[in-house]
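Listing of coords-v9.pdb, PDB, C-alpha atoms
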```pdb
ATOM      1  CA  MET A  15      -6.057 -19.785 -44.528  1.00  0.00           C
ATOM      2  CA  THR A  16      -5.181 -20.708 -40.988  1.00  0.00           C
ATOM      3  CA  ALA A  17      -2.042 -19.372 -39.346  1.00  0.00           C
ATOM      4  CA  TYR A  18       0.133 -21.487 -37.048  1.00  0.00           C
ATOM      5  CA  VAL A  19       0.294 -19.941 -33.594  1.00  0.00           C
ATOM      6  CA  PRO A  20       3.215 -21.062 -31.445  1.00  0.00           C
ATOM      7  CA  GLY A  21       2.705 -21.249 -27.684  1.00  0.00           C
ATOM      8  CA  ILE A  22       4.118 -18.584 -25.384  1.00  0.00           C
ATOM      9  CA  THR A  23       6.841 -20.975 -24.215  1.00  0.00           C
ATOM     10  CA  GLU A  24       7.791 -22.174 -27.735  1.00  0.00           C
ATOM     11  CA  SER A  25      11.575 -22.428 -28.047  1.00  0.00           C
ATOM     12  CA  ASP A  26      11.832 -24.177 -31.433  1.00  0.00           C
ATOM     13  CA  LEU A  27      13.065 -21.399 -33.728  1.00  0.00           C
ATOM     14  CA  LYS A  28      11.766 -23.212 -36.834  1.00  0.00           C
ATOM     15  CA  LYS A  29       8.190 -23.135 -35.492  1.00  0.00           C
ATOM     16  CA  ILE A  30       8.480 -19.432 -34.670  1.00  0.00           C
ATOM     17  CA  VAL A  31       9.835 -18.664 -38.160  1.00  0.00           C
ATOM     18  CA  LEU A  32       7.013 -20.751 -39.690  1.00  0.00           C
ATOM     19  CA  ALA A  33       4.460 -18.621 -37.818  1.00  0.00           C
ATOM     20  CA  ILE A  34       6.054 -15.373 -39.021  1.00  0.00           C
ATOM     21  CA  GLN A  35       6.200 -16.626 -42.614  1.00  0.00           C
ATOM     22  CA  GLY A  36       2.514 -17.542 -42.461  1.00  0.00           C
ATOM     23  CA  LEU A  37       1.585 -14.056 -41.290  1.00  0.00           C
ATOM     24  CA  ALA A  38       3.729 -12.482 -44.013  1.00  0.00           C
ATOM     25  CA  ALA A  39       1.958 -14.685 -46.581  1.00  0.00           C
ATOM     26  CA  GLY A  40      -1.431 -13.344 -45.461  1.00  0.00           C
ATOM     27  CA  ARG A  41      -2.616 -16.232 -43.306  1.00  0.00           C
ATOM     28  CA  SER A  42      -4.912 -15.362 -40.417  1.00  0.00           C
ATOM     29  CA  ASN A  43      -7.112 -17.041 -37.832  1.00  0.00           C
ATOM     30  CA  ALA A  44      -9.379 -13.976 -37.789  1.00  0.00           C
ATOM     31  CA  VAL A  45     -11.447 -14.849 -40.857  1.00  0.00           C
ATOM     32  CA  GLY A  46     -14.660 -16.722 -41.496  1.00  0.00           C
ATOM     33  CA  THR A  47     -17.952 -17.069 -43.341  1.00  0.00           C
ATOM     34  CA  VAL A  48     -21.419 -15.980 -42.243  1.00  0.00           C
ATOM     35  CA  THR A  49     -24.812 -16.415 -43.855  1.00  0.00           C
ATOM     36  CA  LEU A  50     -27.401 -13.834 -42.863  1.00  0.00           C
ATOM     37  CA  GLY A  51     -30.472 -15.222 -41.146  1.00  0.00           C
ATOM     38  CA  THR A  52     -33.820 -15.183 -42.925  1.00  0.00           C
ATOM     39  CA  GLY A  53     -36.843 -13.565 -41.309  1.00  0.00           C
ATOM     40  CA  VAL A  54     -34.668 -11.592 -38.874  1.00  0.00           C
ATOM     41  CA  SER A  55     -32.962  -8.210 -39.060  1.00  0.00           C
ATOM     42  CA  THR A  56     -29.725  -9.082 -37.229  1.00  0.00           C
ATOM     43  CA  THR A  57     -27.207 -11.891 -37.364  1.00  0.00           C
ATOM     44  CA  THR A  58     -24.587 -12.383 -34.644  1.00  0.00           C
ATOM     45  CA  VAL A  59     -21.195 -13.851 -35.483  1.00  0.00           C
ATOM     46  CA  SER A  60     -19.260 -15.485 -32.647  1.00  0.00           C
ATOM     47  CA  SER A  61     -15.489 -15.466 -33.050  1.00  0.00           C
ATOM     48  CA  PRO A  62     -12.790 -15.661 -30.373  1.00  0.00           C
ATOM     49  CA  ASN A  63     -10.605 -13.200 -32.315  1.00  0.00           C
ATOM     50  CA  VAL A  64     -13.077 -10.311 -32.030  1.00  0.00           C
ATOM     51  CA  ALA A  65     -12.598  -7.631 -29.372  1.00  0.00           C
ATOM     52  CA  SER A  66     -14.597  -4.501 -28.641  1.00  0.00           C
ATOM     53  CA  GLY A  67     -12.109  -2.379 -30.620  1.00  0.00           C
ATOM     54  CA  SER A  68     -11.977  -4.704 -33.651  1.00  0.00           C
ATOM     55  CA  THR A  69     -13.094  -3.863 -37.180  1.00  0.00           C
ATOM     56  CA  PRO A  70     -14.976  -6.642 -39.001  1.00  0.00           C
ATOM     57  CA  ILE A  71     -14.792  -6.307 -42.792  1.00  0.00           C
ATOM     58  CA  LEU A  72     -17.516  -7.986 -44.878  1.00  0.00           C
ATOM     59  CA  THR A  73     -17.150  -9.208 -48.464  1.00  0.00           C
ATOM     60  CA  PRO A  74     -20.141 -10.672 -50.344  1.00  0.00           C
ATOM     61  CA  ALA A  75     -19.629 -14.300 -51.355  1.00  0.00           C
ATOM     62  CA  SER A  76     -22.931 -14.813 -53.194  1.00  0.00           C
ATOM     63  CA  ALA A  77     -25.098 -12.853 -55.610  1.00  0.00           C
ATOM     64  CA  SER A  78     -27.780 -12.308 -52.963  1.00  0.00           C
ATOM     65  CA  ALA A  79     -25.157 -10.988 -50.526  1.00  0.00           C
ATOM     66  CA  ALA A  80     -23.857  -8.598 -53.203  1.00  0.00           C
ATOM     67  CA  THR A  81     -27.418  -7.383 -53.780  1.00  0.00           C
ATOM     68  CA  GLU A  82     -27.881  -6.820 -50.034  1.00  0.00           C
ATOM     69  CA  LEU A  83     -24.666  -4.835 -49.890  1.00  0.00           C
ATOM     70  CA  GLY A  84     -25.621  -2.847 -53.005  1.00  0.00           C
ATOM     71  CA  ASN A  85     -28.970  -1.970 -51.461  1.00  0.00           C
ATOM     72  CA  GLY A  86     -27.149  -0.411 -48.522  1.00  0.00           C
ATOM     73  CA  THR A  87     -29.104  -2.517 -46.045  1.00  0.00           C
ATOM     74  CA  VAL A  88     -26.234  -4.374 -44.365  1.00  0.00           C
ATOM     75  CA  TYR A  89     -23.743  -3.057 -41.829  1.00  0.00           C
ATOM     76  CA  VAL A  90     -21.856  -4.085 -38.683  1.00  0.00           C
ATOM     77  CA  SER A  91     -23.911  -2.592 -35.884  1.00  0.00           C
ATOM     78  CA  THR A  92     -22.172  -3.913 -32.756  1.00  0.00           C
ATOM     79  CA  VAL A  93     -18.701  -5.200 -31.940  1.00  0.00           C
ATOM     80  CA  ALA A  94     -18.036  -6.829 -28.574  1.00  0.00           C
ATOM     81  CA  ASN A  95     -15.525  -9.214 -27.060  1.00  0.00           C
ATOM     82  CA  GLY A  96     -16.073 -12.537 -28.826  1.00  0.00           C
ATOM     83  CA  SER A  97     -18.723 -11.448 -31.345  1.00  0.00           C
ATOM     84  CA  PHE A  98     -20.073  -8.865 -33.748  1.00  0.00           C
ATOM     85  CA  THR A  99     -23.597  -8.203 -34.972  1.00  0.00           C
ATOM     86  CA  ILE A 100     -24.637  -7.520 -38.546  1.00  0.00           C
ATOM     87  CA  THR A 101     -27.841  -5.543 -39.091  1.00  0.00           C
ATOM     88  CA  HIS A 102     -29.539  -6.267 -42.414  1.00  0.00           C
ATOM     89  CA  ALA A 103     -32.874  -6.338 -44.198  1.00  0.00           C
ATOM     90  CA  ASN A 104     -35.487  -8.673 -42.712  1.00  0.00           C
ATOM     91  CA  SER A 105     -35.785 -10.849 -45.791  1.00  0.00           C
ATOM     92  CA  ALA A 106     -36.846 -14.347 -46.793  1.00  0.00           C
ATOM     93  CA  THR A 107     -33.904 -14.447 -49.210  1.00  0.00           C
ATOM     94  CA  ALA A 108     -31.632 -17.346 -48.313  1.00  0.00           C
ATOM     95  CA  GLY A 109     -27.971 -17.657 -49.175  1.00  0.00           C
ATOM     96  CA  ARG A 110     -26.825 -14.138 -48.334  1.00  0.00           C
ATOM     97  CA  THR A 111     -23.322 -15.343 -47.541  1.00  0.00           C
ATOM     98  CA  PHE A 112     -20.412 -13.077 -46.620  1.00  0.00           C
ATOM     99  CA  LEU A 113     -16.740 -13.687 -45.974  1.00  0.00           C
ATOM    100  CA  TYR A 114     -15.320 -11.681 -43.099  1.00  0.00           C
ATOM    101  CA  ALA A 115     -11.935 -10.649 -41.753  1.00  0.00           C
ATOM    102  CA  VAL A 116     -11.450  -9.054 -38.361  1.00  0.00           C
ATOM    103  CA  LEU A 117      -8.740  -6.450 -37.833  1.00  0.00           C
ATOM    104  CA  GLY A 118      -7.529  -5.234 -34.461  1.00  0.00           C
TER     105      GLY A 118
END
```

Just dump the structure as structure tokens.
Amino acid sequence: MTAYVPGITESDLKKIVLAIQGLAAGRSNAVGTVTLGTGVSTTTVSSPNVASGSTPILTPASASAATELGNGTVYVSTVANGSFTITHANSATAGRTFLYAVLG
């Protein structure tokens, strides 16, 4: 769900109210989907809404992602401005897809 973001000079009150209503309804531009790479032990996610103090939250979106999470072999290892890195098992298993939301 994408949120409308009015510009800094926006003066149309209806557009500003629309943006606030979207946020109150749970819309966010700080979400996405990532599929872990195969044959590697890290996957980097680029996102303009990530900053060094952000907290990425991962939710499995496939059975193989849920298995990876259940095995305890997936975690966010680095958070930087514009990206975060997920460390995971070096596996040939394809389709380990996660949804993510970034807070902060």

Point out the residue among A:Leu117, A:Val90, A:Gly96, A:Ala103 with the least atom-to-atom distance to Val64 in chain A, counting all atoms listed in the file.
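Checking each candidate against Val64 in chain A, we get A:Gly96 as the closest.
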
Determine the residue set returned by the PyMOL selection byres ((chain A and resi 78-84) around 10) for the present structure, and present it as a list in words.
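When the PyMOL selection byres ((chain A and resi 78-84) around 10) is applied to the shown file, the picked residues are Thr49, Leu50, Leu72, Thr73, Pro74, Ala75, Ser76, Ala77, Asn85, Gly86, Thr87, Val88, Tyr89, His102, Ala103, Ser105, Thr107, Ala108, Gly109, Arg110, Thr111, Phe112 and Leu113 of chain A.
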
Atom-to-atom span, CA of Val31 in chain A and CA of Pro62 in chain A, Å:
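Separation of CA of Val31 in chain A and CA of Pro62 in chain A: 24.1 Å.
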
Might you pull out every residue within 12 Å of Leu32 in chain A, with all atoms listed in the file counted and same-chain residues fewer than 4 positions away left off, and present them as a ChimeraX atom specification?
/A:17-20,26-28,36-39,41

Could you tell me how far CA of Gly51 in chain A lies from CA of Ala115 in chain A, in Å and to one decimal?
19.1 Å

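Atom pair CA of Gly46 in chain A / CA of Ile34 in chain A has a distance of 20.9 Å (rounded to one decimal).
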
Between A:Glu24, A:Gly53, A:Asn63, A:Thr69, which has the minimum distance to Ser91 in chain A (counting all atoms listed in the file)?
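Ranked by minimum distance to Ser91 in chain A, first place goes to A:Thr69.
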
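If you measure from each of A:Thr23, A:Gln35, A:Ser42, A:Ser55 to Thr101 in chain A using only C-alpha atoms, the closest one turns out to be A:Ser55.
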